[in-house]
Each structure stands twice: as structure tokens, then as C-alpha cells.
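**Q** Provided herewith: my_file-v2.txt, compact mmCIF, N, CA and C atoms and all ligand atoms.
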# COMPACT_ATOMS: atom_id res chain seq x y z
N MET A 12 50.68 266.29 -58.20
CA MET A 12 51.48 265.13 -58.59
C MET A 12 52.46 264.76 -57.49
N ALA A 13 52.56 263.46 -57.26
CA ALA A 13 53.40 263.00 -56.16
C ALA A 13 54.87 263.19 -56.47
N ASP A 14 55.60 263.49 -55.44
CA ASP A 14 57.05 263.60 -55.59
C ASP A 14 57.63 262.20 -55.44
N ILE A 15 58.08 261.64 -56.53
CA ILE A 15 58.54 260.26 -56.48
C ILE A 15 60.07 260.14 -56.40
N LYS A 16 60.70 261.28 -56.12
CA LYS A 16 62.16 261.22 -56.03
C LYS A 16 62.60 260.60 -54.72
N SER A 17 63.57 259.76 -54.77
CA SER A 17 64.14 259.20 -53.55
C SER A 17 64.98 260.27 -52.86
N PRO A 18 65.27 260.09 -51.57
CA PRO A 18 66.15 261.08 -50.90
C PRO A 18 67.49 261.22 -51.61
N GLU A 19 67.98 260.10 -52.16
CA GLU A 19 69.26 260.17 -52.88
C GLU A 19 69.14 261.09 -54.09
N ASP A 20 68.05 260.91 -54.84
CA ASP A 20 67.83 261.75 -56.02
C ASP A 20 67.79 263.21 -55.61
N ARG A 21 67.06 263.43 -54.52
CA ARG A 21 66.87 264.81 -54.11
C ARG A 21 68.21 265.45 -53.73
N SER A 22 69.02 264.70 -53.01
CA SER A 22 70.28 265.31 -52.60
C SER A 22 71.19 265.48 -53.82
N ARG A 23 71.04 264.58 -54.79
CA ARG A 23 71.80 264.77 -56.03
C ARG A 23 71.37 266.06 -56.72
N ASN A 24 70.05 266.28 -56.73
CA ASN A 24 69.53 267.51 -57.33
C ASN A 24 70.08 268.73 -56.64
N MET A 25 70.07 268.69 -55.30
CA MET A 25 70.54 269.83 -54.54
C MET A 25 72.01 270.11 -54.88
N ARG A 26 72.76 269.02 -54.99
CA ARG A 26 74.17 269.19 -55.34
C ARG A 26 74.30 269.82 -56.72
N ALA A 27 73.44 269.37 -57.64
CA ALA A 27 73.51 269.89 -59.00
C ALA A 27 73.19 271.38 -59.01
N ILE A 28 72.24 271.77 -58.16
CA ILE A 28 71.83 273.17 -58.13
C ILE A 28 72.97 274.07 -57.66
N ARG A 29 73.64 273.64 -56.58
CA ARG A 29 74.79 274.47 -56.19
C ARG A 29 76.06 273.92 -56.84
N SER A 30 75.89 273.57 -58.07
CA SER A 30 76.97 273.00 -58.88
C SER A 30 78.18 273.92 -58.89
N LYS A 31 79.35 273.29 -58.96
CA LYS A 31 80.58 274.08 -58.99
C LYS A 31 80.94 274.48 -60.41
N ASP A 32 80.09 274.16 -61.37
CA ASP A 32 80.40 274.48 -62.76
C ASP A 32 80.21 275.97 -63.05
N THR A 33 80.95 276.78 -62.34
CA THR A 33 80.88 278.21 -62.64
C THR A 33 81.68 278.46 -63.91
N LYS A 34 81.46 279.56 -64.54
CA LYS A 34 81.99 279.79 -65.87
C LYS A 34 83.51 279.64 -66.05
N PRO A 35 84.33 280.25 -65.18
CA PRO A 35 85.78 280.16 -65.42
C PRO A 35 86.27 278.71 -65.49
N GLU A 36 85.71 277.84 -64.64
CA GLU A 36 86.13 276.45 -64.65
C GLU A 36 85.74 275.76 -65.95
N VAL A 37 84.52 276.06 -66.39
CA VAL A 37 84.02 275.44 -67.63
C VAL A 37 84.91 275.85 -68.80
N TYR A 38 85.25 277.12 -68.84
CA TYR A 38 86.10 277.65 -69.88
C TYR A 38 87.46 276.93 -69.90
N LEU A 39 88.07 276.80 -68.72
CA LEU A 39 89.38 276.14 -68.64
C LEU A 39 89.26 274.66 -69.03
N ARG A 40 88.23 274.00 -68.54
CA ARG A 40 88.06 272.58 -68.87
C ARG A 40 87.93 272.36 -70.36
N LYS A 41 87.18 273.24 -71.02
CA LYS A 41 86.99 273.10 -72.47
C LYS A 41 88.31 273.18 -73.21
N LEU A 42 89.15 274.14 -72.78
CA LEU A 42 90.46 274.29 -73.42
C LEU A 42 91.31 273.04 -73.22
N LEU A 43 91.28 272.50 -72.01
CA LEU A 43 92.09 271.33 -71.71
C LEU A 43 91.57 270.10 -72.44
N PHE A 44 90.25 270.01 -72.51
CA PHE A 44 89.62 268.90 -73.23
C PHE A 44 90.04 268.94 -74.70
N ALA A 45 90.08 270.14 -75.25
CA ALA A 45 90.45 270.31 -76.67
C ALA A 45 91.90 269.89 -76.92
N GLN A 46 92.71 269.85 -75.85
CA GLN A 46 94.09 269.37 -75.98
C GLN A 46 94.17 267.85 -75.89
N GLY A 47 93.01 267.22 -75.78
CA GLY A 47 92.99 265.77 -75.69
C GLY A 47 93.15 265.26 -74.26
N LEU A 48 93.14 266.19 -73.31
CA LEU A 48 93.30 265.77 -71.92
C LEU A 48 91.96 265.31 -71.37
N ARG A 49 92.01 264.29 -70.56
CA ARG A 49 90.80 263.81 -69.91
C ARG A 49 90.98 263.92 -68.41
N TYR A 50 89.90 264.24 -67.75
CA TYR A 50 90.00 264.58 -66.33
C TYR A 50 88.68 264.29 -65.65
N ARG A 51 88.70 264.37 -64.34
CA ARG A 51 87.46 264.32 -63.58
C ARG A 51 87.20 265.69 -62.97
N LYS A 52 85.92 265.98 -62.76
CA LYS A 52 85.53 267.29 -62.24
C LYS A 52 85.12 267.19 -60.77
N ASN A 53 85.41 268.23 -60.03
CA ASN A 53 84.94 268.32 -58.63
C ASN A 53 85.09 266.99 -57.88
N VAL A 54 86.31 266.56 -57.75
CA VAL A 54 86.57 265.25 -57.15
C VAL A 54 86.47 265.34 -55.63
N GLN A 55 85.33 264.90 -55.12
CA GLN A 55 85.04 265.10 -53.71
C GLN A 55 85.87 264.23 -52.79
N LYS A 56 86.39 263.13 -53.31
CA LYS A 56 87.15 262.29 -52.39
C LYS A 56 88.60 262.77 -52.22
N LEU A 57 88.97 263.79 -52.95
CA LEU A 57 90.31 264.37 -52.75
C LEU A 57 90.23 265.64 -51.91
N PRO A 58 91.29 265.92 -51.14
CA PRO A 58 91.27 267.14 -50.33
C PRO A 58 90.98 268.38 -51.17
N GLY A 59 90.11 269.22 -50.67
CA GLY A 59 89.81 270.48 -51.35
C GLY A 59 88.88 270.34 -52.54
N CYS A 60 88.43 269.12 -52.83
CA CYS A 60 87.52 268.87 -53.97
C CYS A 60 88.00 269.60 -55.24
N PRO A 61 89.13 269.13 -55.80
CA PRO A 61 89.70 269.85 -56.96
C PRO A 61 88.69 270.03 -58.10
N ASP A 62 88.74 271.18 -58.74
CA ASP A 62 87.84 271.47 -59.86
C ASP A 62 88.12 270.53 -61.03
N ILE A 63 89.40 270.22 -61.19
CA ILE A 63 89.83 269.36 -62.29
C ILE A 63 90.87 268.40 -61.71
N TYR A 64 90.74 267.12 -62.04
CA TYR A 64 91.76 266.18 -61.57
C TYR A 64 92.19 265.26 -62.71
N PHE A 65 93.50 265.26 -62.97
CA PHE A 65 94.07 264.40 -64.00
C PHE A 65 94.64 263.16 -63.31
N ALA A 66 93.85 262.09 -63.30
CA ALA A 66 94.28 260.87 -62.61
C ALA A 66 95.59 260.37 -63.21
N ARG A 67 95.68 260.43 -64.54
CA ARG A 67 96.85 259.92 -65.24
C ARG A 67 98.13 260.63 -64.80
N TYR A 68 98.03 261.89 -64.48
CA TYR A 68 99.21 262.66 -64.09
C TYR A 68 99.23 262.94 -62.58
N GLN A 69 98.27 262.39 -61.88
CA GLN A 69 98.15 262.64 -60.43
C GLN A 69 98.31 264.11 -60.12
N THR A 70 97.55 264.90 -60.85
CA THR A 70 97.64 266.35 -60.68
C THR A 70 96.25 266.97 -60.55
N ALA A 71 96.11 267.81 -59.54
CA ALA A 71 94.84 268.50 -59.30
C ALA A 71 94.98 269.95 -59.76
N VAL A 72 93.92 270.49 -60.31
CA VAL A 72 93.90 271.90 -60.69
C VAL A 72 92.75 272.59 -59.96
N PHE A 73 93.07 273.68 -59.32
CA PHE A 73 92.06 274.48 -58.65
C PHE A 73 91.89 275.81 -59.38
N VAL A 74 90.66 276.16 -59.65
CA VAL A 74 90.38 277.50 -60.16
C VAL A 74 89.95 278.31 -58.93
N HIS A 75 90.77 279.29 -58.58
CA HIS A 75 90.50 280.05 -57.36
C HIS A 75 89.98 281.44 -57.68
N GLY A 76 88.90 281.81 -57.03
CA GLY A 76 88.43 283.18 -57.09
C GLY A 76 89.41 284.06 -56.32
N CYS A 77 89.81 285.17 -56.94
CA CYS A 77 90.84 286.02 -56.34
C CYS A 77 90.39 286.63 -55.02
N PHE A 78 89.12 286.96 -54.93
CA PHE A 78 88.60 287.60 -53.71
C PHE A 78 88.60 286.62 -52.54
N TRP A 79 87.98 285.49 -52.72
CA TRP A 79 87.81 284.54 -51.62
C TRP A 79 89.10 283.86 -51.21
N HIS A 80 89.95 283.62 -52.19
CA HIS A 80 91.19 282.90 -51.89
C HIS A 80 92.38 283.83 -51.75
N ARG A 81 92.14 285.14 -51.82
CA ARG A 81 93.16 286.16 -51.56
C ARG A 81 94.37 286.02 -52.48
N HIS A 82 94.15 286.27 -53.74
CA HIS A 82 95.25 286.27 -54.69
C HIS A 82 96.23 287.37 -54.33
N PRO A 83 97.48 287.02 -53.95
CA PRO A 83 98.42 288.05 -53.50
C PRO A 83 98.65 289.13 -54.56
N GLY A 84 98.52 290.37 -54.15
CA GLY A 84 98.80 291.49 -55.04
C GLY A 84 97.78 291.73 -56.14
N CYS A 85 96.65 291.03 -56.09
CA CYS A 85 95.65 291.15 -57.16
C CYS A 85 94.59 292.19 -56.80
N LYS A 86 94.19 292.97 -57.80
CA LYS A 86 93.21 294.03 -57.52
C LYS A 86 91.84 293.47 -57.11
N TYR A 87 91.58 292.23 -57.47
CA TYR A 87 90.29 291.64 -57.09
C TYR A 87 90.28 291.14 -55.64
N ALA A 88 91.47 291.07 -55.05
CA ALA A 88 91.55 290.61 -53.66
C ALA A 88 91.52 291.81 -52.71
N TYR A 89 90.58 292.72 -52.98
CA TYR A 89 90.49 293.93 -52.16
C TYR A 89 89.83 293.62 -50.83
N MET A 90 89.99 294.54 -49.92
CA MET A 90 89.35 294.39 -48.61
C MET A 90 88.08 295.24 -48.58
N PRO A 91 86.93 294.62 -48.29
CA PRO A 91 85.69 295.42 -48.20
C PRO A 91 85.85 296.52 -47.15
N LYS A 92 85.15 297.63 -47.37
CA LYS A 92 85.37 298.80 -46.52
C LYS A 92 84.72 298.69 -45.15
N SER A 93 83.66 297.89 -45.06
CA SER A 93 83.03 297.75 -43.74
C SER A 93 83.19 296.31 -43.23
N ARG A 94 82.99 296.14 -41.93
CA ARG A 94 83.11 294.84 -41.28
C ARG A 94 84.46 294.19 -41.58
N THR A 95 85.48 295.00 -41.52
CA THR A 95 86.82 294.55 -41.90
C THR A 95 87.26 293.32 -41.11
N GLU A 96 86.94 293.35 -39.80
CA GLU A 96 87.39 292.25 -38.95
C GLU A 96 86.73 290.93 -39.37
N PHE A 97 85.44 291.02 -39.64
CA PHE A 97 84.69 289.85 -40.10
C PHE A 97 85.31 289.27 -41.36
N TRP A 98 85.59 290.13 -42.31
CA TRP A 98 86.18 289.66 -43.57
C TRP A 98 87.56 289.09 -43.37
N GLN A 99 88.34 289.77 -42.54
CA GLN A 99 89.71 289.31 -42.31
C GLN A 99 89.70 287.88 -41.75
N GLN A 100 88.79 287.64 -40.83
CA GLN A 100 88.72 286.29 -40.25
C GLN A 100 88.33 285.25 -41.29
N LYS A 101 87.37 285.65 -42.11
CA LYS A 101 86.92 284.76 -43.17
C LYS A 101 88.06 284.44 -44.15
N PHE A 102 88.76 285.49 -44.53
CA PHE A 102 89.87 285.31 -45.48
C PHE A 102 90.97 284.45 -44.87
N ASP A 103 91.29 284.72 -43.59
CA ASP A 103 92.34 283.93 -42.93
C ASP A 103 91.96 282.46 -42.91
N ALA A 104 90.67 282.20 -42.62
CA ALA A 104 90.21 280.81 -42.58
C ALA A 104 90.35 280.15 -43.95
N ASN A 105 89.97 280.88 -44.99
CA ASN A 105 90.09 280.34 -46.36
C ASN A 105 91.54 280.04 -46.71
N THR A 106 92.41 280.98 -46.38
CA THR A 106 93.83 280.82 -46.70
C THR A 106 94.41 279.62 -45.96
N ARG A 107 94.04 279.50 -44.68
CA ARG A 107 94.53 278.35 -43.89
C ARG A 107 94.03 277.05 -44.49
N ARG A 108 92.76 277.03 -44.90
CA ARG A 108 92.18 275.82 -45.48
C ARG A 108 92.93 275.44 -46.76
N ASP A 109 93.18 276.44 -47.60
CA ASP A 109 93.91 276.16 -48.85
C ASP A 109 95.29 275.57 -48.55
N GLU A 110 95.97 276.15 -47.56
CA GLU A 110 97.30 275.65 -47.23
C GLU A 110 97.25 274.21 -46.76
N SER A 111 96.26 273.88 -45.94
CA SER A 111 96.22 272.51 -45.43
C SER A 111 95.81 271.53 -46.54
N VAL A 112 94.97 271.98 -47.46
CA VAL A 112 94.62 271.15 -48.62
C VAL A 112 95.88 270.85 -49.43
N HIS A 113 96.69 271.88 -49.66
CA HIS A 113 97.91 271.70 -50.46
C HIS A 113 98.87 270.73 -49.76
N GLU A 114 98.97 270.86 -48.44
CA GLU A 114 99.83 269.95 -47.69
C GLU A 114 99.34 268.52 -47.80
N GLU A 115 98.03 268.33 -47.65
CA GLU A 115 97.46 266.98 -47.73
C GLU A 115 97.73 266.35 -49.09
N LEU A 116 97.55 267.16 -50.14
CA LEU A 116 97.78 266.64 -51.49
C LEU A 116 99.23 266.21 -51.66
N LYS A 117 100.14 267.06 -51.17
CA LYS A 117 101.56 266.73 -51.28
C LYS A 117 101.85 265.41 -50.59
N THR A 118 101.27 265.24 -49.40
CA THR A 118 101.47 264.01 -48.64
C THR A 118 100.99 262.80 -49.44
N MET A 119 99.93 263.00 -50.21
CA MET A 119 99.38 261.91 -51.01
C MET A 119 100.14 261.72 -52.33
N GLY A 120 101.12 262.55 -52.56
CA GLY A 120 101.88 262.44 -53.81
C GLY A 120 101.15 263.04 -55.00
N ILE A 121 100.20 263.92 -54.71
CA ILE A 121 99.45 264.56 -55.79
C ILE A 121 99.95 266.00 -55.97
N ARG A 122 100.32 266.33 -57.21
CA ARG A 122 100.75 267.69 -57.51
C ARG A 122 99.50 268.55 -57.74
N TYR A 123 99.68 269.84 -57.63
CA TYR A 123 98.50 270.69 -57.85
C TYR A 123 98.94 272.00 -58.49
N LEU A 124 98.00 272.58 -59.18
CA LEU A 124 98.17 273.89 -59.77
C LEU A 124 97.00 274.76 -59.34
N VAL A 125 97.29 276.02 -59.08
CA VAL A 125 96.23 276.98 -58.82
C VAL A 125 96.15 277.91 -60.01
N VAL A 126 94.97 278.01 -60.60
CA VAL A 126 94.77 278.97 -61.68
C VAL A 126 93.82 280.04 -61.15
N TRP A 127 94.31 281.26 -61.10
CA TRP A 127 93.50 282.35 -60.56
C TRP A 127 92.48 282.82 -61.59
N GLU A 128 91.35 283.26 -61.07
CA GLU A 128 90.27 283.70 -61.96
C GLU A 128 90.68 284.87 -62.84
N CYS A 129 91.51 285.77 -62.31
CA CYS A 129 91.92 286.93 -63.12
C CYS A 129 92.79 286.47 -64.30
N THR A 130 93.54 285.39 -64.10
CA THR A 130 94.34 284.85 -65.21
C THR A 130 93.40 284.33 -66.31
N LEU A 131 92.34 283.67 -65.89
CA LEU A 131 91.38 283.16 -66.88
C LEU A 131 90.70 284.30 -67.62
N ARG A 132 90.41 285.37 -66.89
CA ARG A 132 89.81 286.55 -67.54
C ARG A 132 90.72 287.10 -68.63
N GLU A 133 92.02 287.18 -68.28
CA GLU A 133 92.98 287.69 -69.26
C GLU A 133 93.09 286.75 -70.45
N MET A 134 93.08 285.46 -70.15
CA MET A 134 93.18 284.47 -71.23
C MET A 134 92.03 284.60 -72.22
N LYS A 135 90.84 284.87 -71.68
CA LYS A 135 89.66 284.99 -72.54
C LYS A 135 89.80 286.14 -73.52
N LYS A 136 90.56 287.17 -73.08
CA LYS A 136 90.69 288.37 -73.91
C LYS A 136 91.90 288.33 -74.83
N ASP A 137 92.82 287.41 -74.55
CA ASP A 137 94.12 287.45 -75.21
C ASP A 137 94.53 286.03 -75.63
N GLN A 138 94.47 285.79 -76.93
CA GLN A 138 94.75 284.44 -77.45
C GLN A 138 96.17 283.97 -77.17
N ASP A 139 97.13 284.92 -77.21
CA ASP A 139 98.52 284.53 -76.94
C ASP A 139 98.66 284.06 -75.50
N LYS A 140 98.03 284.81 -74.63
CA LYS A 140 98.05 284.47 -73.21
C LYS A 140 97.40 283.10 -73.00
N GLU A 141 96.27 282.91 -73.68
CA GLU A 141 95.54 281.65 -73.57
C GLU A 141 96.45 280.49 -73.99
N ARG A 142 97.11 280.66 -75.14
CA ARG A 142 98.00 279.62 -75.63
C ARG A 142 99.14 279.35 -74.66
N SER A 143 99.71 280.40 -74.12
CA SER A 143 100.89 280.18 -73.28
C SER A 143 100.52 279.53 -71.95
N ILE A 144 99.38 279.88 -71.40
CA ILE A 144 98.96 279.25 -70.14
C ILE A 144 98.64 277.77 -70.36
N ILE A 145 97.95 277.49 -71.44
CA ILE A 145 97.62 276.09 -71.72
C ILE A 145 98.90 275.28 -71.95
N ALA A 146 99.86 275.90 -72.65
CA ALA A 146 101.14 275.23 -72.87
C ALA A 146 101.84 274.96 -71.54
N PHE A 147 101.75 275.93 -70.64
CA PHE A 147 102.36 275.75 -69.32
C PHE A 147 101.70 274.58 -68.58
N ILE A 148 100.39 274.54 -68.61
CA ILE A 148 99.68 273.47 -67.90
C ILE A 148 100.06 272.11 -68.49
N LEU A 149 100.11 272.04 -69.81
CA LEU A 149 100.49 270.79 -70.47
C LEU A 149 101.89 270.34 -70.05
N SER A 150 102.84 271.30 -70.03
CA SER A 150 104.20 270.89 -69.69
C SER A 150 104.28 270.55 -68.20
N TYR A 151 103.49 271.21 -67.40
CA TYR A 151 103.45 270.86 -65.97
C TYR A 151 102.94 269.43 -65.79
N LEU A 152 101.87 269.10 -66.52
CA LEU A 152 101.29 267.76 -66.40
C LEU A 152 102.28 266.69 -66.85
N LYS A 153 102.93 266.97 -67.97
CA LYS A 153 103.77 265.94 -68.56
C LYS A 153 105.18 265.94 -68.02
N GLY A 154 105.54 267.00 -67.35
CA GLY A 154 106.87 267.08 -66.77
C GLY A 154 106.90 266.53 -65.37
N THR A 155 108.01 266.79 -64.71
CA THR A 155 108.14 266.28 -63.35
C THR A 155 108.24 267.44 -62.37
N GLU A 156 108.06 268.61 -62.90
CA GLU A 156 108.06 269.82 -62.09
C GLU A 156 107.13 269.62 -60.89
N SER A 157 107.64 269.87 -59.69
CA SER A 157 106.77 269.64 -58.55
C SER A 157 106.36 270.93 -57.86
N SER A 158 107.03 272.02 -58.20
CA SER A 158 106.60 273.28 -57.58
C SER A 158 105.25 273.68 -58.15
N SER A 159 104.45 274.28 -57.34
CA SER A 159 103.10 274.59 -57.77
C SER A 159 103.00 276.06 -58.10
N ASN A 160 103.63 276.39 -59.18
CA ASN A 160 103.62 277.77 -59.67
C ASN A 160 102.19 278.25 -59.86
N PRO A 161 101.73 279.18 -59.04
CA PRO A 161 100.35 279.63 -59.25
C PRO A 161 100.24 280.47 -60.50
N LEU A 162 99.18 280.27 -61.22
CA LEU A 162 99.02 280.97 -62.49
C LEU A 162 98.14 282.20 -62.33
ZN ZN A 201 93.76 287.63 -59.25
What do you get writing this file as C-alpha cells?
**A**
Amino acid sequence: MADIKSPEDRSRNMRAIRSKDTKPEVYLRKLLFAQGLRYRKNVQKLPGCPDIYFARYQTAVFVHGCFWHRHPGCKYAYMPKSRTEFWQQKFDANTRRDESVHEELKTMGIRYLVVWECTLREMKKDQDKERSIIAFILSYLKGTESSSNPL
């Protein structure tokens, strides 16, 4: 059977395959959606391609993996035992990229929040924690707080 997909279709498919809809993000989005919040996902035209973007509040939310984005003091941000130098360079590059993304967003007048994956893990296990984090995100969105308290 002939492949009748256009190149555009195909690249859309490829994008879908390496979709950013990994579980922690989906979980967080569902909670926020249930609060009546509406957002866009994986906004490619914004710096860092935020996982969640609230246009109404001009606020971006990033769900960061603790290992790749080096969550300070987190047990998941461990250093692999071999090829330490290779990893260190990779981590430094990621950290620098995150910092420049945050700077760009600030310049654009867009606030941002970082939600660490380990926080989401805890939220899944603990309803009180889940409620309090969602409450924090809501007040951040609706308030004028500009500091980007990482969660
Ligand atoms: Zn962490």
C-alpha cells in the first residue's frame, strides 16, 4: 500500500511519537484542568517550550526531571559513577540552558514555575500535598508574585 502521507504529516507523526506527554506532566495537567484552568501544552514558540502555558496569566510551567535538570539537594539528581566528566558537562549545559530560558521569559514579561518530578511523585502519594501544591499554583497564577519559587 502506498504511503500517502505528506512530508508535513510525517513530521507531525514523528513529533507525536517523541511526544512530551510523559506521565508526570499529564498528571499535573489533569489536576489543573480540574480546577477550571485552561492552558496550552508544549508551546514551541516560547523559550524552553513550556510544558504548560497559561496565556491568560502569562505564566509558563515546566515539569523538570530531577536528574536531567539537577534538582538541588534531590536524591534523584545523583551523579552517575562512571564517565563523570561527560555527565558533568551535560548537566552544566542543561543548567545553563534552563537559566537562559528563564531570563528570556522574564524579558518577555512571562512568569514561570518549575515543578520538580519528585514533587509530583510525592503529590501522587499524598492527597494533602497534592492539594497544597495545586493551591500554591493557583495563587501564583492569580497573584502578582513574581519570584519563581521552585516546587
Ligand atoms: Zn527532585
**Q** Just how far from atom ZN of ligand ZN 201 (chain A) is atom C of Ala88 in chain A, in Å to one decimal?
**A** 8.1 Å
**Q** Could you give me the residues within 6 Å of ligand ZN 201 (chain A), counting all atoms listed in the file, as a list in words?
**A** Cys77, His82, Cys85, Lys86, Tyr87, Ala88, Trp127, Glu128, Cys129 and Thr130 of chain A
**Q** Among chain A, which residues does DSSP mark as strand (DSSP E or B) when it is run on the backbone? Keep the chain and numbering as in the structure and answer as a ChimeraX atom specification.
**A** /A:51-52,63-65,70-75,122-127
**Q** Do you have the CA of Ile144 in chain A-atom C of Arg132 in chain A distance handy?
**A**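 One can read the CA of Ile144 in chain A to atom C of Arg132 in chain A distance as 11.5 Å.
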**Q** Using atom N of Leu116 in chain A and atom N of Gly59 in chain A as the two end points, give the distance in Å to one decimal.
**A**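 Computing the Euclidean distance for atom N of Leu116 in chain A and atom N of Gly59 in chain A yields 7.7 Å.
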**Q** When DSSP works through the backbone of this structure, what residues of range 20-160 of chain A end up as helix (DSSP H, G or I), shown as a PyMOL selection string?
**A** chain A and resi 20-28+34-45+66-68+77-80+95-118+128-136+138-153
**Q** Of the candidates A:Phe73, A:Asn105, A:Phe65, A:Gln138, which shows the shortest atom-to-atom distance to Leu48 in chain A, using only N, CA and C atoms?
**A**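 Using only N, CA and C atoms, the shortest distance to Leu48 in chain A belongs to A:Phe65.
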**Q** Quick one: of A:Gly84, A:Tyr89, A:Leu131, A:His75, who's nearest to Thr106 in chain A, counting only C-alpha atoms?
**A**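 The shortest atom-to-atom distance to Thr106 in chain A comes from A:His75.
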**Q** What lies within 7 Å of Pro35 in chain A using all atoms listed in the file, ignoring chain neighbours under 3 positions off, as number ranges by chain?
**A** A: 32, 38-40, 74, 128, 131
**Q** Which is closest to Glu115 in chain A among A:Asn53, A:Gln46, A:Thr70, A:Pro58, if we use all atoms listed in the file?
**A** A:Pro58
**Q** Select, from A:Val112, A:Ile121, A:Glu141, A:Glu96, the residue with the minimum atom-to-atom distance to Cys60 in chain A, counting all atoms listed in the file.
**A** A:Val112
**Q** From the options A:Lys135, A:Gly120, A:Lys140, A:Arg94, which residue's atoms come nearest to Lys34 in chain A, counting only C-alpha atoms?
**A**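 So, comparing all the options, the nearest one is A:Lys135.
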